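**Q** Here you go, this is start10.cif (mmCIF, C-alpha atoms).
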```cif
data_my_file
#
loop_
_atom_site.label_atom_id
_atom_site.label_comp_id
_atom_site.auth_asym_id
_atom_site.auth_seq_id
_atom_site.Cartn_x
_atom_site.Cartn_y
_atom_site.Cartn_z
CA MET A 3 -34.27 -146.54 -136.86
CA HIS A 4 -35.65 -146.60 -133.36
CA VAL A 5 -37.23 -149.28 -131.20
CA HIS A 6 -37.48 -148.29 -127.58
CA LYS A 7 -35.19 -150.45 -125.46
CA SER A 8 -37.94 -151.36 -123.03
CA GLN A 9 -37.71 -154.87 -124.42
CA SER A 10 -34.53 -156.93 -124.37
CA TYR A 11 -35.46 -159.04 -127.40
CA VAL A 12 -37.97 -159.05 -130.23
CA LEU A 13 -41.60 -159.76 -129.25
CA GLU A 14 -40.75 -160.62 -125.65
CA HIS A 15 -44.43 -160.70 -124.58
CA TYR A 16 -44.76 -163.95 -126.52
CA LEU A 17 -41.60 -165.79 -125.53
CA ARG A 18 -42.05 -169.51 -126.33
CA LEU A 19 -38.59 -170.91 -125.76
CA ASN A 20 -35.34 -169.96 -124.06
CA THR A 21 -32.79 -172.71 -124.47
CA THR A 22 -29.18 -173.80 -124.32
CA ARG A 23 -29.96 -176.77 -126.59
CA PRO A 24 -29.48 -176.13 -130.33
CA GLU A 25 -31.75 -179.04 -131.23
CA SER A 26 -34.59 -177.49 -129.21
CA TRP A 27 -34.26 -174.15 -130.97
CA VAL A 28 -34.02 -175.47 -134.54
CA SER A 29 -36.93 -177.87 -134.07
CA ALA A 30 -39.12 -175.20 -132.43
CA LEU A 31 -38.37 -172.76 -135.25
CA GLN A 32 -39.34 -175.40 -137.80
CA VAL A 33 -42.58 -176.23 -135.98
CA LEU A 34 -43.72 -172.65 -135.36
CA THR A 35 -42.94 -171.48 -138.90
CA GLN A 36 -44.13 -174.75 -140.48
CA SER A 37 -40.90 -175.02 -142.49
CA PRO A 38 -40.45 -178.35 -144.31
CA GLN A 39 -36.94 -178.78 -142.94
CA LEU A 40 -34.18 -176.67 -141.38
CA SER A 41 -30.56 -177.23 -140.52
CA MET A 42 -28.26 -175.08 -138.39
CA LYS A 43 -24.51 -174.88 -138.19
CA ALA A 44 -22.74 -173.02 -135.39
CA VAL A 45 -19.95 -171.11 -137.13
CA ALA A 46 -17.90 -170.96 -133.93
CA PRO A 47 -18.47 -174.16 -131.92
CA HIS A 48 -19.93 -173.25 -128.55
CA THR A 49 -17.34 -175.06 -126.43
CA CYS A 50 -16.06 -171.89 -124.79
CA SER A 51 -19.44 -170.35 -124.05
CA GLU A 52 -22.84 -171.92 -123.71
CA PHE A 53 -25.22 -171.89 -126.65
CA GLN A 54 -28.10 -169.53 -126.03
CA ALA A 55 -31.18 -168.85 -128.12
CA ARG A 56 -34.72 -167.52 -127.71
CA LEU A 57 -37.86 -167.82 -129.75
CA ALA A 58 -41.07 -165.77 -129.53
CA PHE A 59 -44.22 -166.24 -131.59
CA LEU A 60 -47.63 -164.64 -132.12
CA GLY A 61 -49.99 -165.78 -134.85
CA SER A 62 -53.34 -165.02 -136.45
CA ALA A 63 -55.24 -166.28 -139.48
CA ASP A 64 -53.51 -163.81 -141.81
CA LEU A 65 -50.13 -163.14 -140.22
CA ASN A 66 -47.55 -164.91 -138.06
CA VAL A 67 -44.86 -162.94 -136.25
CA CYS A 68 -41.75 -164.60 -134.89
CA GLY A 69 -38.91 -163.02 -132.94
CA THR A 70 -35.69 -164.95 -132.57
CA TYR A 71 -32.30 -164.44 -130.97
CA LEU A 72 -29.07 -166.39 -131.43
CA LYS A 73 -25.98 -165.73 -129.35
CA ASP A 74 -23.55 -167.51 -131.68
CA ALA A 75 -22.83 -166.79 -135.32
CA SER A 76 -24.76 -169.41 -137.27
CA GLU A 77 -25.73 -170.66 -140.69
CA ILE A 78 -29.34 -171.68 -141.32
CA THR A 79 -30.26 -173.73 -144.39
CA GLY A 80 -33.68 -174.95 -145.38
CA ALA A 81 -36.87 -174.39 -147.30
CA ASN A 82 -39.46 -171.75 -146.60
CA ALA A 83 -43.01 -172.74 -145.72
CA GLY A 84 -45.84 -172.34 -148.23
CA SER A 85 -46.36 -168.62 -147.69
CA THR A 86 -44.32 -165.48 -148.31
CA ALA A 87 -42.00 -164.55 -145.44
CA ILE A 88 -40.31 -161.27 -144.60
CA ILE A 89 -37.14 -161.50 -142.50
CA MET A 90 -35.58 -158.38 -141.02
CA PRO A 91 -32.52 -158.21 -138.75
CA VAL A 92 -33.20 -155.88 -135.84
CA SER A 93 -29.67 -156.33 -134.52
CA GLY A 94 -26.77 -157.90 -136.38
CA LYS A 95 -26.34 -158.73 -140.05
CA ALA A 96 -27.80 -161.53 -142.16
CA THR A 97 -26.73 -162.72 -145.62
CA PHE A 98 -29.29 -164.66 -147.65
CA GLU A 99 -28.40 -166.87 -150.59
CA VAL A 100 -31.29 -167.95 -152.84
CA MET A 101 -31.66 -169.06 -156.45
CA ASP A 102 -31.47 -165.56 -157.91
CA GLY A 103 -28.50 -164.29 -155.92
CA LYS A 104 -27.03 -163.14 -152.61
CA TYR A 105 -28.61 -160.44 -150.42
CA VAL A 106 -26.79 -158.76 -147.53
CA CYS A 107 -29.17 -157.33 -144.94
CA GLY A 108 -27.98 -155.08 -142.14
CA PRO A 109 -30.21 -153.95 -139.27
CA TRP A 110 -33.64 -152.74 -140.46
CA THR A 111 -33.15 -154.15 -143.97
CA PRO A 112 -36.03 -156.54 -144.79
CA PHE A 113 -35.66 -159.52 -147.11
CA VAL A 114 -38.59 -161.30 -148.78
CA LEU A 115 -38.50 -165.09 -149.08
CA ASP A 116 -40.87 -166.72 -151.57
CA PRO A 117 -43.09 -169.70 -150.68
CA HIS A 118 -41.29 -173.08 -150.75
CA GLU A 119 -38.03 -171.30 -151.64
CA ASP A 120 -34.72 -172.92 -150.68
CA PHE A 121 -32.37 -170.58 -148.83
CA HIS A 122 -29.11 -170.34 -146.95
CA ALA A 123 -28.75 -167.62 -144.29
CA ALA A 124 -25.53 -166.61 -142.54
CA LEU A 125 -26.17 -164.79 -139.26
CA CYS A 126 -23.62 -162.88 -137.24
CA GLU A 127 -23.34 -163.36 -133.49
CA GLU A 128 -25.92 -161.70 -131.24
CA SER A 129 -28.51 -161.72 -134.01
CA HIS A 130 -32.07 -160.56 -133.36
CA LEU A 131 -34.48 -161.28 -136.22
CA LEU A 132 -38.09 -160.38 -136.92
CA ILE A 133 -39.85 -162.96 -139.13
CA ILE A 134 -43.23 -162.17 -140.67
CA GLN A 135 -45.24 -164.85 -142.49
CA LEU A 136 -48.07 -163.65 -144.74
CA ALA A 137 -50.39 -166.64 -144.85
CA GLN A 138 -52.46 -165.35 -147.80
CA LEU A 139 -49.48 -164.76 -150.11
CA ARG A 140 -48.72 -168.17 -151.62
CA GLN A 141 -47.29 -167.17 -154.98
CA SER A 142 -43.61 -166.67 -155.80
CA ARG A 143 -43.62 -163.09 -156.97
CA TYR A 144 -43.30 -160.78 -153.98
CA ARG A 145 -39.55 -160.19 -153.58
CA HIS A 146 -39.95 -157.00 -155.60
CA LEU A 147 -41.49 -155.51 -152.43
CA CYS A 148 -38.01 -154.90 -151.11
CA GLY A 149 -36.88 -153.16 -154.27
CA ARG A 150 -40.02 -151.18 -155.02
CA ASP A 151 -41.19 -150.17 -151.54
CA LYS A 152 -38.21 -151.00 -149.36
CA THR A 153 -38.47 -147.90 -147.19
CA VAL A 154 -42.23 -148.22 -146.74
CA LEU A 155 -41.91 -151.89 -145.80
CA ARG A 156 -39.14 -151.14 -143.32
CA ASP A 157 -41.19 -148.35 -141.74
CA MET A 158 -44.22 -150.62 -141.38
CA LEU A 159 -42.21 -153.27 -139.57
CA SER A 160 -40.35 -150.81 -137.37
CA SER A 161 -43.63 -149.10 -136.48
CA PHE A 162 -45.02 -152.43 -135.29
CA LEU A 163 -41.84 -153.20 -133.35
CA TYR A 164 -42.07 -149.81 -131.67
CA GLU A 165 -45.44 -150.84 -130.26
CA THR A 166 -44.55 -154.35 -129.08
CA PRO A 167 -42.97 -153.39 -125.72
CA PHE A 168 -46.19 -151.59 -124.82
CA PHE A 169 -48.85 -154.19 -125.57
CA ARG A 170 -51.55 -153.63 -122.95
CA SER A 171 -53.22 -157.01 -123.30
CA HIS A 172 -53.49 -160.00 -125.61
CA ASP A 173 -56.48 -158.40 -127.33
CA HIS A 174 -54.44 -155.23 -127.89
CA ALA A 175 -51.56 -157.29 -129.33
CA LEU A 176 -53.90 -159.04 -131.76
CA THR A 177 -55.43 -155.69 -132.76
CA ARG A 178 -51.99 -154.31 -133.62
CA LEU A 179 -51.07 -157.54 -135.42
CA ASN A 180 -54.21 -157.27 -137.54
CA HIS A 181 -53.41 -153.63 -138.25
CA LEU A 182 -49.95 -154.67 -139.47
CA ALA A 183 -51.55 -157.37 -141.63
CA THR A 184 -53.88 -154.81 -143.22
CA ARG A 185 -50.96 -152.53 -144.04
CA LEU A 186 -48.74 -155.30 -145.43
CA TYR A 187 -51.43 -156.79 -147.64
CA GLY A 188 -52.29 -153.27 -148.75
CA LEU A 189 -48.67 -152.75 -149.76
CA VAL A 190 -49.01 -155.74 -152.08
CA HIS A 191 -52.47 -155.14 -153.49
CA GLU A 192 -52.77 -151.33 -153.37
CA PRO A 193 -49.19 -149.97 -153.27
CA SER A 194 -50.25 -146.41 -154.13
CA ARG A 195 -52.20 -146.24 -150.87
CA SER A 196 -49.57 -147.87 -148.64
CA LEU A 197 -47.92 -144.82 -147.16
CA PRO A 198 -46.19 -144.59 -143.77
CA GLU A 199 -48.45 -143.69 -140.90
CA THR A 200 -48.54 -140.00 -140.23
CA GLY A 201 -50.35 -137.67 -137.87
CA SER A 202 -49.98 -136.74 -134.23
CA ARG A 203 -48.66 -140.08 -133.01
CA LYS A 204 -46.45 -139.61 -129.99
CA MET A 205 -43.03 -141.25 -130.03
CA ILE A 206 -41.34 -141.93 -126.71
CA TRP A 207 -37.90 -140.84 -127.85
CA GLU A 208 -39.32 -137.37 -128.52
CA ASP A 209 -39.34 -136.79 -124.74
CA ARG A 210 -36.08 -137.63 -122.99
CA ARG A 211 -37.77 -137.27 -119.57
CA LEU A 212 -40.26 -140.00 -120.40
CA CYS A 213 -37.46 -142.20 -121.75
CA LYS A 214 -35.65 -141.76 -118.45
CA ALA A 215 -38.77 -142.54 -116.42
CA ILE A 216 -39.46 -145.76 -118.33
CA GLU A 217 -35.81 -146.77 -118.03
CA LEU A 218 -36.02 -146.28 -114.26
CA LEU A 219 -39.26 -148.28 -114.05
CA ASN A 220 -37.66 -151.14 -115.97
CA THR A 221 -34.55 -151.27 -113.79
CA GLU A 222 -36.49 -151.16 -110.51
CA LEU A 223 -39.19 -153.74 -111.24
CA SER A 224 -37.96 -156.08 -108.50
CA SER A 225 -38.20 -153.38 -105.82
CA ASP A 226 -41.03 -151.45 -104.20
CA ILE A 227 -41.32 -148.73 -106.85
CA GLN A 228 -42.23 -145.23 -105.69
CA ILE A 229 -43.82 -143.58 -108.71
CA GLU A 230 -43.36 -140.08 -107.37
CA SER A 231 -39.63 -140.70 -106.92
CA ILE A 232 -39.38 -142.05 -110.47
CA ALA A 233 -41.08 -138.93 -111.82
CA SER A 234 -38.83 -136.62 -109.81
CA ARG A 235 -35.62 -138.32 -110.93
CA ALA A 236 -36.79 -138.10 -114.53
CA GLY A 237 -37.47 -134.36 -114.20
CA LEU A 238 -41.26 -134.70 -114.21
CA SER A 239 -44.10 -134.07 -111.83
CA LEU A 240 -46.23 -137.08 -110.91
CA ARG A 241 -49.12 -135.62 -112.87
CA ASN A 242 -46.98 -135.06 -115.96
CA LEU A 243 -45.63 -138.62 -115.82
CA HIS A 244 -49.17 -140.03 -115.78
CA TYR A 245 -50.17 -137.72 -118.63
CA LEU A 246 -47.16 -138.52 -120.84
CA MET A 247 -47.45 -142.27 -120.37
CA LYS A 248 -51.14 -142.17 -121.25
CA GLN A 249 -50.36 -140.06 -124.33
CA HIS A 250 -47.46 -142.16 -125.57
CA ILE A 251 -48.27 -145.75 -124.59
CA GLY A 252 -51.88 -145.67 -123.39
CA GLN A 253 -51.02 -146.95 -119.91
CA SER A 254 -50.65 -145.52 -116.44
CA PRO A 255 -47.34 -146.16 -114.63
CA TYR A 256 -49.05 -148.81 -112.48
CA GLN A 257 -50.46 -150.64 -115.50
CA TYR A 258 -47.07 -150.55 -117.20
CA ILE A 259 -45.31 -151.90 -114.10
CA ARG A 260 -47.78 -154.76 -113.76
CA GLY A 261 -47.36 -155.69 -117.43
CA ARG A 262 -43.57 -155.68 -117.16
CA ARG A 263 -43.69 -157.82 -114.02
CA LEU A 264 -45.98 -160.30 -115.77
CA ILE A 265 -43.39 -160.56 -118.58
CA LYS A 266 -40.65 -161.21 -116.01
CA ALA A 267 -42.76 -163.87 -114.31
CA ARG A 268 -43.42 -165.54 -117.67
CA GLU A 269 -39.69 -165.48 -118.47
CA GLY A 270 -38.92 -167.14 -115.15
CA ILE A 271 -41.56 -169.83 -115.67
CA ILE A 272 -40.13 -170.68 -119.11
CA TYR A 273 -36.44 -170.34 -118.14
CA ASP A 274 -36.70 -172.66 -115.12
CA TYR A 275 -38.96 -175.31 -116.63
CA PRO A 276 -38.85 -178.27 -116.01
CA ASP A 277 -36.44 -177.81 -113.06
CA ASN A 278 -38.92 -175.59 -111.20
CA ILE A 279 -42.59 -175.94 -112.08
CA ARG A 280 -43.89 -173.95 -109.11
CA ILE A 281 -45.67 -171.18 -110.98
CA ALA A 282 -46.70 -169.54 -107.71
CA GLU A 283 -43.04 -169.00 -106.77
CA HIS A 284 -42.33 -167.08 -109.95
CA ALA A 285 -45.52 -165.08 -109.49
CA ALA A 286 -44.66 -164.18 -105.89
CA LYS A 287 -41.14 -163.14 -106.88
CA TRP A 288 -42.68 -160.38 -109.00
CA GLY A 289 -45.28 -159.29 -106.50
CA PHE A 290 -48.28 -161.49 -107.38
CA GLN A 291 -49.22 -163.18 -104.10
CA HIS A 292 -52.70 -164.41 -105.05
CA ALA A 293 -52.53 -167.36 -107.46
CA GLY A 294 -55.99 -166.93 -108.95
CA ARG A 295 -55.54 -163.21 -109.52
CA PHE A 296 -52.15 -163.80 -111.12
CA SER A 297 -53.72 -166.35 -113.47
CA GLY A 298 -56.37 -163.82 -114.48
CA TYR A 299 -53.79 -161.11 -115.17
CA TYR A 300 -51.67 -163.62 -117.08
CA LEU A 301 -54.57 -164.72 -119.26
CA LYS A 302 -55.51 -161.14 -120.12
CA HIS A 303 -51.93 -160.21 -120.94
CA PHE A 304 -50.80 -163.30 -122.89
CA GLY A 305 -54.02 -164.98 -124.02
CA GLU A 306 -53.30 -168.20 -122.10
CA TYR A 307 -52.97 -169.47 -118.54
CA PRO A 308 -49.51 -170.22 -117.07
CA ASN A 309 -50.01 -173.98 -117.22
CA GLU A 310 -50.96 -173.65 -120.89
CA THR A 311 -47.64 -171.90 -121.49
CA LEU A 312 -45.91 -174.94 -120.05
CA ARG A 313 -48.01 -177.40 -122.04
CA GLU A 314 -47.06 -175.63 -125.26
CA LEU A 315 -43.42 -175.69 -124.17
CA ASP A 316 -43.72 -179.46 -123.72
CA TRP A 317 -45.37 -179.68 -127.14
CA LEU A 318 -42.49 -177.80 -128.77
CA LYS A 319 -39.74 -179.66 -126.95
CA GLN A 320 -40.99 -183.09 -128.02
CA TYR A 321 -39.66 -182.43 -131.53
CA LYS A 322 -36.04 -182.00 -130.43
CA SER A 323 -35.66 -185.78 -130.34
CA GLN A 324 -36.19 -185.81 -134.12
CA VAL A 325 -33.19 -183.51 -134.74
CA ILE A 326 -30.01 -185.17 -135.97
CA ALA A 327 -26.73 -183.87 -134.52
CA ILE A 328 -23.62 -184.31 -136.67
CA ASN A 329 -20.02 -184.25 -135.41
CA ASN A 330 -17.20 -183.08 -137.65
CA LYS A 331 -14.71 -185.19 -135.72
CA ALA A 332 -15.16 -188.25 -133.58
CA GLN A 333 -14.12 -186.47 -130.39
CA ALA A 334 -15.55 -183.03 -131.20
CA PRO A 335 -18.89 -181.76 -129.92
CA ALA A 336 -21.66 -181.52 -132.47
CA HIS A 337 -22.12 -178.13 -134.10
CA TYR A 338 -24.40 -179.05 -137.01
CA TRP A 339 -28.08 -179.98 -136.56
CA ILE A 340 -30.74 -181.10 -139.03
CA SER A 341 -34.44 -181.02 -138.19
CA SER A 342 -36.91 -183.74 -139.06
CA ALA A 343 -38.72 -183.58 -142.38
CA VAL A 344 -41.84 -184.96 -140.68
CA LYS A 345 -44.65 -182.41 -140.68
CA PRO A 346 -45.44 -181.53 -137.04
CA ASP A 347 -48.90 -181.80 -135.55
CA ARG A 348 -51.07 -178.70 -135.46
CA ARG A 349 -50.32 -176.17 -132.75
CA TYR A 350 -51.27 -177.23 -129.26
CA PRO A 351 -54.96 -176.41 -128.55
CA GLN A 352 -55.32 -173.68 -125.96
CA GLU A 353 -58.09 -174.54 -123.49
CA LYS A 354 -59.09 -171.44 -121.55
CA ARG A 355 -60.09 -172.57 -118.08
CA PRO A 356 -59.33 -171.39 -114.54
CA ILE A 357 -56.46 -173.14 -112.83
CA SER A 358 -56.33 -174.08 -109.18
CA ASP A 359 -53.87 -172.97 -106.53
CA GLN A 360 -52.48 -176.53 -106.60
CA GLU A 361 -51.66 -176.22 -110.31
CA CYS A 362 -49.92 -172.91 -109.64
#
```
Using C-alpha cells, write down the structure from this file.
**A**
Amino acid sequence: MHVHKSQSYVLEHYLRLNTTRPESWVSALQVLTQSPQLSMKAVAPHTCSEFQARLAFLGSADLNVCGTYLKDASEITGANAGSTAIIMPVSGKATFEVMDGKYVCGPWTPFVLDPHEDFHAALCEESHLLIIQLAQLRQSRYRHLCGRDKTVLRDMLSSFLYETPFFRSHDHALTRLNHLATRLYGLVHEPSRSLPETGSRKMIWEDRRLCKAIELLNTELSSDIQIESIASRAGLSLRNLHYLMKQHIGQSPYQYIRGRRLIKAREGIIYDYPDNIRIAEHAAKWGFQHAGRFSGYYLKHFGEYPNETLRELDWLKQYKSQVIAINNKAQAPAHYWISSAVKPDRRYPQEKRPISDQEC
C-alpha cells in the first residue's frame, strides 16, 4: 500500500498533542475518543530514551478520525466508546485480544472494535495508528466487515490517508472526511455498492518527477524556495510542475508550500507550549511576518485560530492529573498508567474571532 511520505505521521494537519509525558498521552486519547477508561504499559521502560508520543484528531457528526504515534512498544487496555471503531496500523504491528479471540494486524490491516467492547492491544515500537470512530454504528455486529470486505475497507482507509497530506483547507478536510463517512456507512448498509474508487484519479507515485519535486519542496521549506530550480532538479519544466501539481493534488507549488509551512508553524506552537507562547515567533520562523494575515491563513487551514489551538491543548492537558502512575518497584520509574474513569467534559468550544497582535 502507498501513502505519500509528504507527512511524517498520520493526520498531521490536526496535531493536538506532542508529548514526552505518558499520562498526557493516555488521558488525551481517552478524552478525544470518549473511551470509558484506558491504561497503558510501556513494554520497555523508557529510562534509556525519552518517551515520545503524538496525537492528532479531526471529528464530525458522523465520523471521528484519530492519528496516533508511540515511540515505545506498549500495551493498551481498556473499553471502547459507545460506537464502532476501526483501528488500522499504518506502520508497525498491533495484536488485539477481545472476547472472541486474538487478531494480529500488520500494516494496512484494519481491525473492527465493537461498541463498549473490552480489549487489550499490544503495539510494537514506532507504531503509527489510524483510528476511525463511526458515531452512528452503536450495535455490536460489525466485526464481520474485516472478514467480508477486508480489502475494500483497507482501500477506503488508504485512499483517505493518501489525501490527508494534501488537504487544501479545513473545509476541504471536512469534505473528504464526509466522503469517507459516506463510503464507510455504505459498506455497512449497501455492501454490493461499496466498491473501490475508480476512474482517472491521478496518483502521485505514478510520476517519479512529481514525487521528487514534492520531496524537494518538503526538505527546503525553511529556505527561500526557488520553484524553477525545484522543477529543474526534478526533471520538469516550471509549467509542467504547475500542471502536475494541479492535476494530482489540486494546488499550485506556492499554495502547497504555504500549507506545509503552516503545518510546521502549528507543530512548533504545540511542541514549545507552554515554554514559548509567542505565536508570532513561530509564524515568523516559517515566513509569516504579519500576525493578522497568519491568523487568517491558520483559520482557513485548520478551522481554528492559533490561540484556540493552545486553549484546546490546555483543555486536554488538565486531565493528565487524573491519571494514576504505578511503579513495579519502589525505586523504579513508573511504566504503567491508568486513566480516570470520570467522563470528561464536552470538547472545548471553538470561538471563531480575530486575535490581536498582542495575543500572537
**Q** How would you write, as a PyMOL selection string, the residues chosen by the PyMOL selection byres ((chain A and resi 187) around 12) on this structure?
**A** chain A and resi 64-65+86+135-139+144+147+155+158+180-186+188-193+195-196
**Q** Given the selection you just returned, output its residues as a file containing C-alpha atoms, formatted as a tab-separated table (two decimals), keeping the file's coordinate frame.
**A**
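Ended up saving to result24.tsv:
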```
chain	number	residue	atom	x	y	z
A	64	ASP	CA	-53.51	-163.81	-141.81
A	65	LEU	CA	-50.13	-163.14	-140.22
A	86	THR	CA	-44.32	-165.48	-148.31
A	135	GLN	CA	-45.24	-164.85	-142.49
A	136	LEU	CA	-48.07	-163.65	-144.74
A	137	ALA	CA	-50.39	-166.64	-144.85
A	138	GLN	CA	-52.46	-165.35	-147.80
A	139	LEU	CA	-49.48	-164.76	-150.11
A	144	TYR	CA	-43.30	-160.78	-153.98
A	147	LEU	CA	-41.49	-155.51	-152.43
A	155	LEU	CA	-41.91	-151.89	-145.80
A	158	MET	CA	-44.22	-150.62	-141.38
A	180	ASN	CA	-54.21	-157.27	-137.54
A	181	HIS	CA	-53.41	-153.63	-138.25
A	182	LEU	CA	-49.95	-154.67	-139.47
A	183	ALA	CA	-51.55	-157.37	-141.63
A	184	THR	CA	-53.88	-154.81	-143.22
A	185	ARG	CA	-50.96	-152.53	-144.04
A	186	LEU	CA	-48.74	-155.30	-145.43
A	188	GLY	CA	-52.29	-153.27	-148.75
A	189	LEU	CA	-48.67	-152.75	-149.76
A	190	VAL	CA	-49.01	-155.74	-152.08
A	191	HIS	CA	-52.47	-155.14	-153.49
A	192	GLU	CA	-52.77	-151.33	-153.37
A	193	PRO	CA	-49.19	-149.97	-153.27
A	195	ARG	CA	-52.20	-146.24	-150.87
A	196	SER	CA	-49.57	-147.87	-148.64
```
**Q** Starting from the displayed file, determine the output of the PyMOL selection byres ((chain A and resi 243) around 10) and express the residue list as a ChimeraX atom specification.
**A** /A:211-212,215-216,229-230,232-234,236-242,244-249,254-255
**Q** At a cut-off of 10 Å, using all atoms listed in the file, what residues contact Phe162 (chain A)? Leave out same-chain residues fewer than 3 positions from it and give the result as a PyMOL selection string.
**A** chain A and resi 5+157-159+165-167+178-179+181-182
**Q** I need the chosen residues saved as a PDB file, in the coordinates of the input, with C-alpha atoms.
**A**
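And here's out-v8.pdb as it stands now:
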```
ATOM      1  CA  VAL A   5     -37.230-149.280-131.200  1.00  0.00           C
ATOM      2  CA  ASP A 157     -41.190-148.350-141.740  1.00  0.00           C
ATOM      3  CA  MET A 158     -44.220-150.620-141.380  1.00  0.00           C
ATOM      4  CA  LEU A 159     -42.210-153.270-139.570  1.00  0.00           C
ATOM      5  CA  GLU A 165     -45.440-150.840-130.260  1.00  0.00           C
ATOM      6  CA  THR A 166     -44.550-154.350-129.080  1.00  0.00           C
ATOM      7  CA  PRO A 167     -42.970-153.390-125.720  1.00  0.00           C
ATOM      8  CA  ARG A 178     -51.990-154.310-133.620  1.00  0.00           C
ATOM      9  CA  LEU A 179     -51.070-157.540-135.420  1.00  0.00           C
ATOM     10  CA  HIS A 181     -53.410-153.630-138.250  1.00  0.00           C
ATOM     11  CA  LEU A 182     -49.950-154.670-139.470  1.00  0.00           C
TER      12      LEU A 182
END
```
**Q** In Å, with one decimal, what is the gap from CA of Ser129 (chain A) to CA of Arg56 (chain A)?
**A**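 That distance, rounded to one decimal, is 10.6 Å.
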**Q** Take the PyMOL selection byres ((chain A and resi 270-283) around 7), apply it to the structure above, and return the hits as a PyMOL selection string.
**A** chain A and resi 19-20+266-269+284-287+293+362
**Q** Between CA of Glu127 (chain A) and CA of Asn66 (chain A), measure the distance and give it in Å to one decimal.
**A**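 Pair CA of Glu127 (chain A) / CA of Asn66 (chain A) returns 24.7 Å.
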**Q** With all atoms listed in the file as the atoms that count, which of A:Ile227, A:Leu13, A:Val45, A:Ala30 lies nearest to Tyr321 (chain A)?
**A** A:Ala30
**Q** Name the residues in contact with region 42-44 of chain A at a cut-off of 7 Å, using all atoms listed in the file, excluding same-chain residues fewer than 4 positions from it; report them as a list of chain:residue names.
**A** A:Val28, A:Asp74, A:Ala75, A:Ser76, A:Glu77, A:Ile78, A:Thr79, A:His337, A:Tyr338, A:Trp339, A:Ile340
**Q** Could you work out how far CA of Trp317 (chain A) lies from CA of Tyr11 (chain A), giving the answer in Å with one decimal?
**A**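 Answer for the CA of Tyr11 (chain A) to CA of Trp317 (chain A) separation: 22.9 Å.
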**Q** Which residue, A:Met205, A:Ile328, A:Cys126, A:Ala175, has the smallest gap to Glu14 (chain A) when you use all atoms listed in the file?
**A**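 Using all atoms listed in the file, the shortest distance to Glu14 (chain A) belongs to A:Ala175.
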**Q** Using only C-alpha atoms, determine which residues lie at most 7 Å from Met90 (chain A), disregarding the query and same-chain residues fewer than 3 positions distant; provide the list as a PDB file with C-alpha atoms, in the coordinates of the input.
**A**
```pdb
ATOM      1  CA  TRP A 110     -33.640-152.740-140.460  1.00  0.00           C
ATOM      2  CA  THR A 111     -33.150-154.150-143.970  1.00  0.00           C
ATOM      3  CA  PRO A 112     -36.030-156.540-144.790  1.00  0.00           C
ATOM      4  CA  PHE A 113     -35.660-159.520-147.110  1.00  0.00           C
ATOM      5  CA  LEU A 131     -34.480-161.280-136.220  1.00  0.00           C
ATOM      6  CA  LEU A 132     -38.090-160.380-136.920  1.00  0.00           C
ATOM      7  CA  ILE A 133     -39.850-162.960-139.130  1.00  0.00           C
TER       8      ILE A 133
END
```
**Q** Which residue, A:His250, A:His172, A:Lys214, A:Lys322, has the smallest gap to Leu301 (chain A) when you use only C-alpha atoms?
**A**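 For Leu301 (chain A), the nearest of the given residues is A:His172.
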**Q** From the list A:His118, A:His292, A:His130, A:Lys95, which residue is nearest Pro38 (chain A) when using only C-alpha atoms?
**A**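 Using only C-alpha atoms, the shortest distance to Pro38 (chain A) belongs to A:His118.
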**Q** Can you pull out the residues contacting Arg23 (chain A)? Cut-off 10 Å, using all atoms listed in the file, and skip same-chain residues under 6 positions away; I want them as JSON, numbers by chain.
**A** {"A": [52, 53, 54, 55, 322]}
